[in-house]
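Enquirer: So here's protein-v2.cif, just mmCIF, C-alpha atoms:
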data_query
loop_
_atom_site.label_atom_id
_atom_site.label_comp_id
_atom_site.auth_asym_id
_atom_site.auth_seq_id
_atom_site.Cartn_x
_atom_site.Cartn_y
_atom_site.Cartn_z
CA MET A 272 -124.06 66.38 148.46
CA SER A 273 -124.96 69.05 145.94
CA VAL A 274 -128.00 70.94 144.76
CA LYS A 275 -129.87 68.29 142.85
CA PHE A 276 -133.24 67.63 141.31
CA PHE A 277 -135.78 65.25 142.80
CA GLY A 278 -135.24 62.60 140.11
CA GLN A 279 -131.49 62.47 140.82
CA PHE A 280 -132.21 62.18 144.54
CA LEU A 281 -134.62 59.27 143.99
CA ILE A 282 -132.01 57.37 141.95
CA ASP A 283 -129.39 58.03 144.64
CA GLN A 284 -131.81 56.59 147.20
CA GLY A 285 -132.49 53.50 145.05
CA GLU A 286 -136.20 54.35 144.86
CA VAL A 287 -136.28 54.44 141.06
CA ASP A 288 -133.80 53.94 138.23
CA ALA A 289 -132.89 56.08 135.24
CA SER A 290 -135.42 54.35 132.97
CA HIS A 291 -138.22 55.35 135.38
CA VAL A 292 -136.99 58.94 135.35
CA ARG A 293 -136.94 58.87 131.54
CA GLU A 294 -140.57 57.62 131.49
CA ALA A 295 -141.56 60.38 133.91
CA LEU A 296 -139.84 63.03 131.79
CA ASP A 297 -141.75 61.80 128.72
CA LEU A 298 -145.02 61.95 130.63
CA MET A 299 -144.20 65.45 131.86
CA GLU A 300 -143.40 66.58 128.35
CA ASP A 301 -146.79 65.36 127.16
CA ALA A 302 -148.64 66.82 130.14
CA ASN A 303 -146.91 70.17 130.56
CA PRO A 304 -148.18 73.02 128.37
CA THR A 305 -145.51 74.66 126.24
CA PHE A 306 -144.61 78.32 126.49
CA GLY A 307 -146.30 78.90 123.12
CA GLU A 308 -149.49 77.10 124.15
CA ILE A 309 -149.81 79.20 127.30
CA SER A 310 -149.10 82.45 125.46
CA VAL A 311 -151.88 81.66 122.94
CA LYS A 312 -154.29 80.58 125.68
CA GLN A 313 -153.64 83.83 127.55
CA GLY A 314 -154.26 85.80 124.37
CA PHE A 315 -150.73 87.23 124.39
CA MET A 316 -149.69 85.69 121.05
CA THR A 317 -151.41 84.25 118.00
CA THR A 318 -150.66 80.75 116.78
CA ARG A 319 -149.07 82.28 113.69
CA GLU A 320 -146.73 84.35 115.89
CA THR A 321 -145.65 81.25 117.83
CA VAL A 322 -144.74 79.59 114.53
CA GLU A 323 -142.77 82.68 113.47
CA ALA A 324 -140.93 82.89 116.80
CA SER A 325 -140.14 79.20 116.62
CA ALA A 326 -138.81 79.59 113.07
CA ALA A 327 -136.65 82.54 114.16
CA GLN A 328 -135.01 80.29 116.79
CA ARG A 329 -133.40 78.30 113.97
CA SER A 330 -131.11 81.19 113.14
CA ARG A 331 -130.54 82.50 116.67
CA ASP A 332 -129.83 80.63 119.88
CA LEU A 333 -132.45 82.31 122.08
CA PRO A 334 -135.14 80.80 124.34
CA PHE A 335 -138.62 80.98 122.78
CA GLY A 336 -139.88 83.64 125.21
CA ASP A 337 -136.86 85.89 124.77
CA MET A 338 -137.20 85.56 121.01
CA ALA A 339 -140.88 86.53 121.17
CA VAL A 340 -140.00 89.62 123.24
CA GLU A 341 -137.25 90.56 120.80
CA LEU A 342 -139.67 90.24 117.87
CA GLY A 343 -142.14 92.52 119.66
CA MET A 344 -144.73 89.77 120.07
CA LEU A 345 -144.62 89.79 123.89
CA THR A 346 -143.88 92.39 126.56
CA ALA A 347 -141.38 91.66 129.33
CA ASP A 348 -144.26 91.52 131.85
CA GLN A 349 -146.12 88.99 129.71
CA LEU A 350 -142.95 86.89 129.51
CA VAL A 351 -142.70 86.82 133.31
CA GLU A 352 -146.41 85.96 133.61
CA ILE A 353 -146.15 83.06 131.16
CA LEU A 354 -143.09 81.66 132.93
CA ARG A 355 -144.99 81.88 136.24
CA LEU A 356 -147.99 80.06 134.74
CA GLN A 357 -145.72 77.47 133.17
CA ARG A 358 -144.13 76.74 136.55
CA SER A 359 -147.47 76.56 138.35
CA GLN A 360 -148.98 74.21 135.75
CA LYS A 361 -145.98 71.92 135.52
CA LEU A 362 -146.52 68.28 136.46
CA PRO A 363 -143.90 67.60 139.16
CA ILE A 364 -141.67 64.60 138.54
CA GLY A 365 -142.81 63.01 141.82
CA GLU A 366 -146.44 63.12 140.69
CA ALA A 367 -145.42 61.74 137.29
CA LEU A 368 -143.63 58.81 138.95
CA VAL A 369 -146.74 58.13 141.08
CA GLN A 370 -148.96 58.20 137.98
CA LEU A 371 -146.65 55.71 136.31
CA GLY A 372 -146.74 53.43 139.35
CA HIS A 373 -143.02 53.70 140.14
CA ILE A 374 -143.65 55.32 143.53
CA GLU A 375 -146.51 54.61 145.90
CA THR A 376 -148.76 57.62 146.52
CA ASP A 377 -148.34 57.24 150.28
CA ARG A 378 -144.56 57.20 149.99
CA LEU A 379 -144.22 60.40 147.94
CA GLY A 380 -144.66 62.71 150.94
CA THR A 381 -141.99 60.87 152.93
CA LEU A 382 -139.58 61.05 150.01
CA LEU A 383 -140.25 64.75 149.46
CA ASP A 384 -139.54 65.39 153.16
CA ALA A 385 -136.28 63.42 152.87
CA PHE A 386 -135.35 65.38 149.75
CA LYS A 387 -136.03 68.67 151.55
CA ALA A 388 -133.83 67.57 154.45
CA ASP A 389 -131.09 66.53 152.01
CA GLN A 390 -131.17 69.93 150.36
CA ALA A 391 -131.52 71.95 153.58
CA GLU A 392 -127.80 72.75 153.44
CA TYR A 393 -128.55 74.92 150.43
CA GLU A 394 -131.19 77.09 152.07
CA VAL A 395 -129.83 80.49 152.96
CA ALA A 396 -130.47 82.88 155.79
CA ASN A 397 -130.82 86.62 155.36
CA ILE A 398 -127.51 88.33 154.71
CA ASP A 399 -127.15 92.10 154.70
CA LEU A 400 -126.05 93.22 151.26
CA PRO A 401 -125.46 96.60 149.62
CA ASP A 402 -128.48 97.86 147.65
CA ALA A 403 -126.82 97.18 144.31
CA LEU A 404 -126.35 93.54 145.28
CA VAL A 405 -129.76 93.00 146.88
CA ASN A 406 -131.32 91.95 143.57
CA GLN A 407 -128.47 89.59 142.88
CA CYS A 408 -130.14 86.58 144.41
CA ALA A 409 -127.13 84.41 143.60
CA THR A 410 -124.95 86.54 145.91
CA LYS A 411 -126.63 85.30 149.08
CA TYR A 412 -126.29 81.70 148.03
CA ILE A 413 -122.64 82.16 147.17
CA LEU A 414 -121.76 83.84 150.46
CA GLU A 415 -123.77 81.32 152.46
CA LEU A 416 -122.52 78.25 150.60
CA LEU A 417 -118.85 79.22 150.42
CA PRO A 418 -117.77 78.25 153.95
CA ARG A 419 -119.89 75.08 153.86
CA LEU A 420 -118.45 73.94 150.54
CA LEU A 421 -114.92 74.85 151.56
CA MET A 422 -115.31 72.65 154.61
CA ARG A 423 -116.96 69.88 152.64
CA VAL A 424 -114.59 69.87 149.65
CA ALA A 425 -111.30 70.72 151.33
CA ARG A 426 -111.91 70.44 155.09
CA MET A 427 -110.84 74.09 155.29
CA GLN A 428 -112.51 76.45 157.71
CA ALA A 429 -113.47 79.91 156.48
CA LYS A 430 -115.41 82.80 157.89
CA VAL A 431 -117.04 85.25 155.52
CA GLY A 432 -116.29 88.90 156.31
CA ASP A 433 -118.38 91.99 155.62
CA VAL A 434 -119.20 93.12 152.10
CA MET A 435 -116.93 96.13 151.47
CA PRO A 436 -116.42 98.38 148.44
CA PHE A 437 -113.66 97.07 146.18
CA GLU A 438 -111.18 99.38 144.54
CA LEU A 439 -107.78 97.76 144.38
CA ALA A 440 -106.76 94.11 144.40
CA PRO A 441 -104.92 93.09 147.59
CA ASP A 442 -101.18 92.43 147.24
CA TYR A 443 -101.68 88.74 147.97
CA ALA A 444 -103.96 88.14 144.93
CA ASP A 445 -101.61 85.89 142.89
CA ILE A 446 -104.51 83.68 141.84
CA ARG A 447 -107.50 85.41 140.22
CA VAL A 448 -110.26 83.21 138.83
CA SER A 449 -113.68 84.58 137.93
CA ILE A 450 -116.95 83.24 136.61
CA PRO A 451 -119.90 85.22 135.18
CA ILE A 452 -123.47 84.61 136.29
CA LYS A 453 -125.76 85.92 133.58
CA GLY A 454 -129.35 86.87 134.32
CA THR A 455 -131.51 89.96 134.11
CA ARG A 456 -128.39 91.62 135.50
CA GLY A 457 -125.03 89.94 135.43
CA LEU A 458 -122.77 89.21 138.37
CA GLU A 459 -119.05 88.50 138.02
CA VAL A 460 -117.77 86.37 140.90
CA ALA A 461 -114.00 86.25 141.37
CA LEU A 462 -112.10 84.16 143.89
CA ILE A 463 -108.70 85.70 144.58
CA SER A 464 -106.06 84.23 146.83
CA ASP A 465 -102.38 83.79 147.53
CA LEU A 466 -100.53 80.64 146.51
CA GLU A 467 -100.64 79.13 149.99
CA PHE A 468 -104.46 79.09 150.09
CA ALA A 469 -104.71 77.99 146.43
CA GLU A 470 -102.30 75.09 146.92
CA GLN A 471 -104.12 73.91 150.03
CA LEU A 472 -107.44 74.06 148.19
CA ALA A 473 -106.10 72.29 145.08
CA MET A 474 -104.44 69.53 147.11
CA ALA A 475 -107.46 68.95 149.32
CA ALA A 476 -109.93 69.07 146.45
CA SER A 477 -107.99 66.71 144.18
CA GLY A 478 -106.40 64.44 146.75
CA ILE A 479 -102.98 64.71 145.09
CA SER A 480 -99.69 65.18 146.90
CA PRO A 481 -97.72 68.48 146.95
CA LYS A 482 -94.98 66.99 144.72
CA ASP A 483 -97.50 66.35 141.94
CA LEU A 484 -98.94 69.85 142.12
CA ASP A 485 -98.06 72.19 139.22
CA PRO A 486 -99.18 75.81 138.59
CA GLU A 487 -101.89 74.75 136.12
CA MET A 488 -103.30 72.33 138.67
CA VAL A 489 -103.31 74.99 141.39
CA ALA A 490 -105.30 77.45 139.27
CA ASP A 491 -107.52 74.60 138.06
CA GLY A 492 -108.27 73.61 141.65
CA VAL A 493 -109.37 77.14 142.57
CA GLY A 494 -111.36 77.43 139.33
CA GLU A 495 -113.09 74.12 139.90
CA PHE A 496 -114.03 75.13 143.44
CA LEU A 497 -115.47 78.43 142.15
CA ASN A 498 -117.27 76.50 139.40
CA VAL A 499 -118.90 74.15 141.92
CA LEU A 500 -119.75 77.02 144.28
CA SER A 501 -121.31 79.15 141.54
CA GLY A 502 -122.97 76.16 139.89
CA ASN A 503 -124.72 75.16 143.10
CA ALA A 504 -125.74 78.77 143.75
CA VAL A 505 -127.15 79.05 140.24
CA SER A 506 -129.02 75.77 140.66
CA ALA A 507 -130.54 76.95 143.92
CA VAL A 508 -131.53 80.27 142.34
CA THR A 509 -133.03 78.51 139.33
CA LYS A 510 -135.05 76.22 141.57
CA ALA A 511 -136.38 79.36 143.26
CA GLY A 512 -137.75 80.42 139.87
CA HIS A 513 -135.12 82.87 138.63
CA ARG A 514 -133.52 82.65 135.19
CA VAL A 515 -129.75 82.69 135.48
CA GLU A 516 -126.95 81.01 133.61
CA LEU A 517 -123.30 80.35 134.37
CA GLY A 518 -120.54 81.29 131.94
CA PRO A 519 -117.10 79.69 131.62
CA PRO A 520 -114.38 80.47 134.20
CA ASP A 521 -111.65 83.00 133.41
CA TYR A 522 -108.31 81.99 134.92
CA GLU A 523 -106.70 85.40 134.40
CA ALA A 524 -109.54 87.56 135.65
CA THR A 525 -109.45 91.32 135.38
CA LEU A 526 -111.08 92.58 138.55
CA SER A 527 -113.73 95.29 138.10
CA ASP A 528 -115.07 97.78 140.61
CA GLY A 529 -117.61 96.26 142.94
CA TRP A 530 -117.39 94.67 146.37
CA ILE A 531 -114.88 92.55 148.18
CA VAL A 532 -115.62 89.97 150.85
CA GLU A 533 -112.51 88.91 152.74
CA LEU A 534 -112.40 85.30 153.89
CA ALA A 535 -110.82 84.48 157.22
CA VAL A 536 -109.04 81.21 156.39
CA GLY A 537 -106.52 79.08 158.24
CA ASP A 538 -103.95 78.87 155.45
CA GLY A 539 -103.02 81.98 153.46
CA HIS A 540 -105.35 84.71 152.26
CA ALA A 541 -108.45 84.69 150.09
CA ALA A 542 -111.40 86.88 149.16
CA LEU A 543 -114.37 87.04 146.85
CA VAL A 544 -114.75 90.03 144.53
CA LEU A 545 -118.27 90.68 143.23
CA SER A 546 -118.99 92.99 140.31
CA VAL A 547 -122.31 93.78 138.65
CA PHE A 548 -122.34 93.96 134.86
CA MET J 193 -119.34 42.50 144.13
CA SER J 194 -118.96 39.70 141.60
CA ARG J 195 -117.06 41.45 138.80
CA LYS J 196 -114.27 43.91 138.08
CA LEU J 197 -115.74 47.13 136.74
CA ASN J 198 -113.75 49.01 134.09
CA VAL J 199 -114.32 52.75 134.32
CA LEU J 200 -113.41 55.60 131.95
CA LEU J 201 -113.18 59.10 133.49
CA VAL J 202 -113.90 62.22 131.42
CA ASP J 203 -113.55 65.79 132.67
CA ASP J 204 -111.70 68.85 131.35
CA SER J 205 -110.49 69.65 134.88
CA ARG J 206 -107.35 67.83 136.02
CA THR J 207 -108.45 68.48 139.60
CA VAL J 208 -111.73 66.65 139.05
CA LEU J 209 -109.99 63.74 137.29
CA ALA J 210 -107.58 63.41 140.21
CA GLN J 211 -110.47 63.61 142.65
CA LEU J 212 -112.48 60.94 140.82
CA GLU J 213 -109.43 58.70 140.59
CA HIS J 214 -108.85 59.14 144.32
CA ILE J 215 -112.46 58.25 145.19
CA LEU J 216 -112.68 55.26 142.84
CA ASN J 217 -109.35 53.82 143.97
CA GLU J 218 -110.94 53.43 147.40
CA ILE J 219 -113.64 51.18 145.97
CA ASP J 220 -112.85 47.48 145.54
CA ASP J 221 -113.00 45.85 142.13
CA VAL J 222 -112.88 49.08 140.16
CA SER J 223 -110.28 49.53 137.46
CA ILE J 224 -109.76 52.92 135.83
CA VAL J 225 -109.04 52.17 132.18
CA GLY J 226 -108.47 55.74 131.01
CA MET J 227 -108.94 59.44 131.52
CA ALA J 228 -110.07 61.87 128.82
CA ARG J 229 -110.35 65.66 128.93
CA ASN J 230 -112.96 66.28 126.24
CA GLY J 231 -115.82 64.56 124.47
CA ALA J 232 -113.88 63.59 121.35
CA SER J 233 -111.16 61.85 123.38
CA ALA J 234 -113.88 60.16 125.44
CA ILE J 235 -115.44 58.62 122.32
CA ARG J 236 -112.04 57.44 121.07
CA MET J 237 -111.08 55.94 124.43
CA ALA J 238 -114.52 54.34 124.86
CA THR J 239 -113.97 52.63 121.51
CA GLU J 240 -110.46 51.49 122.42
CA SER J 241 -111.01 50.34 125.99
CA ARG J 242 -114.75 49.44 125.99
CA PRO J 243 -115.32 50.38 129.64
CA ASP J 244 -118.31 49.09 131.58
CA LEU J 245 -118.97 52.56 132.94
CA VAL J 246 -118.11 56.05 131.73
CA LEU J 247 -118.12 58.92 134.23
CA MET J 248 -118.30 62.12 132.18
CA ASP J 249 -118.64 65.85 132.82
CA ILE J 250 -121.57 67.55 131.08
CA VAL J 251 -119.90 70.88 130.38
CA MET J 252 -116.56 70.67 128.56
CA PRO J 253 -114.88 72.76 125.88
CA GLY J 254 -114.98 71.38 122.34
CA LEU J 255 -117.29 68.38 122.07
CA ASP J 256 -119.30 68.59 125.28
CA GLY J 257 -120.47 65.76 127.51
CA LEU J 258 -124.03 65.53 126.18
CA SER J 259 -122.84 65.26 122.56
CA ALA J 260 -120.32 62.60 123.55
CA LEU J 261 -123.03 60.77 125.54
CA ARG J 262 -125.28 60.73 122.47
CA THR J 263 -122.49 59.27 120.33
CA ILE J 264 -121.33 56.71 122.88
CA LYS J 265 -124.86 55.44 123.55
CA SER J 266 -125.55 55.17 119.80
CA MET J 267 -122.34 53.18 119.26
CA TYR J 268 -122.42 51.14 122.46
CA PRO J 269 -125.98 51.07 123.92
CA GLU J 270 -124.86 48.59 126.56
CA MET J 271 -122.19 50.94 127.95
CA GLU J 272 -123.34 52.56 131.20
CA VAL J 273 -122.71 56.31 131.30
CA ALA J 274 -123.13 58.48 134.40
CA MET J 275 -122.83 62.21 133.89
CA VAL J 276 -121.12 64.61 136.27
CA SER J 277 -122.39 68.13 136.72
CA SER J 278 -121.40 71.13 138.78
CA ALA J 279 -125.14 71.82 138.70
CA ARG J 280 -124.93 75.12 136.77
CA GLY J 281 -128.65 75.58 137.24
CA ASP J 282 -129.61 73.91 134.05
CA ALA J 283 -132.40 71.42 134.67
CA GLN J 284 -132.72 71.02 130.91
CA LYS J 285 -129.20 69.62 130.66
CA VAL J 286 -129.91 67.15 133.46
CA GLU J 287 -133.14 66.06 131.76
CA GLU J 288 -131.37 65.83 128.40
CA ALA J 289 -128.72 63.59 129.95
CA PHE J 290 -131.38 61.16 131.18
CA ARG J 291 -133.15 61.24 127.82
CA LEU J 292 -129.90 60.41 126.04
CA GLY J 293 -129.47 57.34 128.22
CA ALA J 294 -127.43 58.43 131.24
CA CYS J 295 -127.89 56.10 134.20
CA GLN J 296 -127.41 58.96 136.70
CA VAL J 297 -126.37 62.60 136.89
CA LEU J 298 -124.00 63.19 139.81
CA GLY J 299 -123.61 66.64 141.30
CA LYS J 300 -120.45 68.31 142.54
CA PRO J 301 -119.11 68.40 145.17
CA PHE J 302 -118.86 64.64 145.06
CA ASP J 303 -120.22 62.39 147.73
CA ALA J 304 -118.02 59.29 147.96
CA GLU J 305 -120.93 57.18 149.21
CA ILE J 306 -122.89 57.94 146.05
CA PHE J 307 -120.05 56.53 143.96
CA GLY J 308 -120.15 53.31 145.98
CA ALA J 309 -123.86 53.01 145.25
CA LEU J 310 -123.35 53.86 141.57
CA ILE J 311 -120.68 51.18 141.16
CA ALA J 312 -122.79 48.60 143.01
CA ASN J 313 -125.87 49.44 140.91
CA THR J 314 -123.88 49.26 137.69
CA CYS J 315 -122.60 45.80 138.65
CA VAL J 316 -126.16 44.66 139.36
CA VAL J 317 -127.30 45.94 135.95
CA LEU J 318 -124.40 44.24 134.16
CA ASP J 319 -124.86 40.97 136.05
CA GLN J 320 -128.59 40.99 135.27
CA ARG J 321 -127.87 41.71 131.61
CA ALA J 322 -125.36 38.84 131.47
CA ALA J 323 -127.88 36.51 133.12
CA ASP J 324 -130.59 37.53 130.64
CA GLU J 325 -128.27 36.96 127.71
CA GLY J 326 -127.26 33.57 129.11
CA GLY J 327 -130.90 32.60 129.50
CA GLN J 328 -131.66 33.42 125.89
CA ARG J 329 -128.97 31.12 124.51
#
Could I get this file's structure written as structure tokens?
Expert:
Amino acid sequence: MSVKFFGQFLIDQGEVDASHVREALDLMEDANPTFGEISVKQGFMTTRETVEASAAQRSRDLPFGDMAVELGMLTADQLVEILRLQRSQKLPIGEALVQLGHIETDRLGTLLDAFKADQAEYEVANIDLPDALVNQCATKYILELLPRLLMRVARMQAKVGDVMPFELAPDYADIRVSIPIKGTRGLEVALISDLEFAEQLAMAASGISPKDLDPEMVADGVGEFLNVLSGNAVSAVTKAGHRVELGPPDYEATLSDGWIVELAVGDGHAALVLSVF
Amino acid sequence: MSRKLNVLLVDDSRTVLAQLEHILNEIDDVSIVGMARNGASAIRMATESRPDLVLMDIVMPGLDGLSALRTIKSMYPEMEVAMVSSARGDAQKVEEAFRLGACQVLGKPFDAEIFGALIANTCVVLDQRAADEGGQR
């Protein structure tokens, strides 16, 4: 189980196949207004400006809205408003599949309920966080998902400790893997551990025996776990309407000032280090 | 299951390759014909071994999974390709994968049951295709 989109869930359930999802995506593309169309309709941009912003995208890899803000054609508030309107006007894939006749209208509600139940594992409760981390919506997902994923991936139990100020890396931190989550404000998430924890995680996650385990594989196992954890957190945050993006993992992370969350684990020692950038 | 399914695994992580191998070895009538760690190797190995199914990560260094998917489907439209994703919050990449011809996008952490269903569905598709081709002769 992972954070997934409704179309993926429907294929998993055998309700539709990939060709149906492709048809629905085409229909959605035709039906959903583009960012530029909404910005013109709202009177935020002229048609000429949308053409200029689009042309500017050829030389710089920026989303259309960000490019328009950078060119002074939109304010940051207008960008947020257009994204909100775009979300609210979007034809959901379930509706598209109904329109195409691939799902019965009466069945859609049942399937949406089943999808919600499938994804319930990724809903988070309120966690007390320091003020500087409150706006980091990914933090809650990461802290909430970590013990569940550790159990699911490696059958390892873990209890998340309090969020404490971080100054110095613990002596046990032989393995230090980090991954950046880029958004309005960035968050660097590092998983640090001793070799005992890392080896247990790598073995359990990969299914290989201790004799086949080498140092690269151990670090890779920890990095892959952090990748899956952060990826699912980012997906959940994105589905909640926030714009965040995951960067590549760093297997020799330099730990910055921030916060540390010790993990009570059965084998060895481990902690998360969170830094805002 | 009426056929042996040849599968090519593609992921830059050795952990994930080992994990996929472990899961697929538990499924009857599946043969892993190769493992690649980037998109370019995937294309080369797909050409050499002509698998029935490619399981490929979306995000990889060098030639990424979506670029490799585009090439593989243009060269071998009949080859089934399921993409693997650690989610990463990018609905656009998932949609792009479907548009490029992926038969499914599987999320991490893996659910072994989903792989059983994927293999079974792929066999059904291949059997149906073989039956259609036989009927046209």
Enquirer: Provide as a ChimeraX atom specification the residues of chain A at most 7 Å from chain J, counting all atoms listed in the file.
Expert: /A:272-275,279,283,289,293,424,476-479,488,491-492,498-499,502-503,505-506,509,516-517
Enquirer: Residues within 6 Å of Ala444 in chain A, please, as a PyMOL selection string. Count all atoms listed in the file; anything in the same chain fewer than 2 positions from it doesn't count.
Expert: chain A and resi 441-442+446+463-465
Enquirer: Could you please give me, as a list in words, the residues of protein, DNA or RNA lying at most 12 Å from (-112.3, 64.0, 121.4) in the coordinate frame of the file, considering all atoms listed in the file?
Expert: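 Every polymer residue passing the test: Val202, Asp203, Asp204, Met227, Ala228, Arg229, Asn230, Gly231, Ala232, Ser233, Ala234, Ile235, Arg236, Met237, Ala238, Thr239, Met252, Pro253, Gly254, Leu255, Asp256, Gly257, Ser259, Ala260, Leu261, Thr263 and Ile264 of chain J.
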Enquirer: Looking at all atoms listed in the file, which of A:Met435, A:Met422, A:Ile450, A:Leu484 is the one that sits closest to Pro520 in chain A?
Expert: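 Looking at the shortest contact to Pro520 in chain A, the residue is A:Ile450.
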Enquirer: Please identify all polymer residues within 8 Å of Val493 in chain A, counting all atoms listed in the file, omitting same-chain residues fewer than 3 positions from it, and present them as a PyMOL selection string.
Expert: chain A and resi 448+462+469+472-473+489-490+496-497
Enquirer: Name the residues that the PyMOL selection byres ((chain A and resi 359-365) around 12) pulls out of this structure, and write them as a PyMOL selection string.
Expert: (chain A and resi 276-281+286-287+291-306+308-309+352-358+366-383+386+512) or (chain J and resi 287)
Enquirer: Box for range 505-518 of chain A - axis-aligned, 8 Å on each of the six sides, all listed atoms - centre and size in Å to one decimal, as JSON.
Expert:
{"center_x": -129.1, "center_y": 79.3, "center_z": 137.9, "size_x": 33.2, "size_y": 23.1, "size_z": 28.0}
Enquirer: Which one of J:Ser241, J:Ile311, J:Val273, J:Arg195 sits closest to Asn217 in chain J if you count only C-alpha atoms?
Expert: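 Among J:Ser241, J:Ile311, J:Val273, J:Arg195, it is J:Ile311 that comes nearest to Asn217 in chain J.
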Enquirer: So, with only C-alpha atoms as the atoms that count, which of J:Leu258, J:Val222, J:Leu247, J:Leu216 lies closest to Glu272 in chain J?
Expert: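 Selected residue with least distance to Glu272 in chain J: J:Leu247.
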Enquirer: In Å, rounded to a single decimal, give me how far CA of Gly454 in chain A is from CA of Ala541 in chain A.
Expert: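 Between CA of Ala541 in chain A and CA of Gly454 in chain A the gap is 26.3 Å.
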Enquirer: Could you tell me how far CA of Val515 in chain A lies from CA of Arg456 in chain A, in Å and to one decimal?
Expert: 9.0 Å
Enquirer: Would you mind listing what lies within 7 Å of Leu200 in chain J as a list in words, with all atoms listed in the file counted and same-chain residues fewer than 3 positions away left out?
Expert: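 Close residues of Leu200 in chain J: Ile224, Val225, Gly226, Met227, Pro243, Leu245, Val246 and Leu247 of chain J.
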Enquirer: Dump C-alpha atoms for the selected residues as an mmCIF file, in the frame of the given file?
Expert:
data_model
loop_
_atom_site.group_PDB
_atom_site.id
_atom_site.type_symbol
_atom_site.label_atom_id
_atom_site.label_comp_id
_atom_site.auth_asym_id
_atom_site.auth_seq_id
_atom_site.Cartn_x
_atom_site.Cartn_y
_atom_site.Cartn_z
ATOM 1 C CA ILE J 224 -109.760 52.920 135.830
ATOM 2 C CA VAL J 225 -109.040 52.170 132.180
ATOM 3 C CA GLY J 226 -108.470 55.740 131.010
ATOM 4 C CA MET J 227 -108.940 59.440 131.520
ATOM 5 C CA PRO J 243 -115.320 50.380 129.640
ATOM 6 C CA LEU J 245 -118.970 52.560 132.940
ATOM 7 C CA VAL J 246 -118.110 56.050 131.730
ATOM 8 C CA LEU J 247 -118.120 58.920 134.230
#
Enquirer: Between CA of Gly308 in chain J and CA of Asp244 in chain J, what distance in Å does the model show, to one decimal?
Expert: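 Here the two named atoms are 15.1 Å from each other.
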Enquirer: Give me the residues near Ala326 in chain A as a ChimeraX atom specification, where near means some atom within 12 Å (using all atoms listed in the file) and where sequence neighbours in that chain fewer than 6 positions away do not count.
Expert: /A:319-320,332-335,338-339,342
Enquirer: Hey, which of A:Leu526, A:Ile282, A:Val434, A:Leu416 ends up closest to Ala274 in chain J? Count only C-alpha atoms.
Expert: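 Distance minimum relative to Ala274 in chain J lands on A:Ile282.
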Enquirer: Would you fill out range 284-295 of chain J with N, CA and C atoms and return it as a CSV table (one decimal), in the coordinates of the input?
Expert:
chain,number,residue,atom,x,y,z
J,284,GLN,N,-132.6,71.6,132.3
J,284,GLN,CA,-132.7,71.0,130.9
J,284,GLN,C,-131.6,70.1,130.6
J,285,LYS,N,-130.4,70.5,131.0
J,285,LYS,CA,-129.2,69.6,130.7
J,285,LYS,C,-129.3,68.3,131.4
J,286,VAL,N,-129.7,68.4,132.7
J,286,VAL,CA,-129.9,67.2,133.5
J,286,VAL,C,-131.0,66.2,132.8
J,287,GLU,N,-132.1,66.8,132.4
J,287,GLU,CA,-133.1,66.1,131.8
J,287,GLU,C,-132.6,65.5,130.4
J,288,GLU,N,-131.9,66.3,129.7
J,288,GLU,CA,-131.4,65.8,128.4
J,288,GLU,C,-130.4,64.6,128.6
J,289,ALA,N,-129.6,64.7,129.7
J,289,ALA,CA,-128.7,63.6,130.0
J,289,ALA,C,-129.5,62.3,130.2
J,290,PHE,N,-130.6,62.4,130.9
J,290,PHE,CA,-131.4,61.2,131.2
J,290,PHE,C,-132.0,60.7,129.9
J,291,ARG,N,-132.5,61.6,129.1
J,291,ARG,CA,-133.2,61.2,127.8
J,291,ARG,C,-132.2,60.5,126.9
J,292,LEU,N,-130.9,61.0,126.9
J,292,LEU,CA,-129.9,60.4,126.0
J,292,LEU,C,-129.4,59.1,126.6
J,293,GLY,N,-129.8,58.7,127.7
J,293,GLY,CA,-129.5,57.3,128.2
J,293,GLY,C,-128.5,57.3,129.4
J,294,ALA,N,-128.3,58.4,130.0
J,294,ALA,CA,-127.4,58.4,131.2
J,294,ALA,C,-128.1,57.6,132.3
J,295,CYS,N,-127.3,56.9,133.1
J,295,CYS,CA,-127.9,56.1,134.2
J,295,CYS,C,-128.0,56.9,135.5
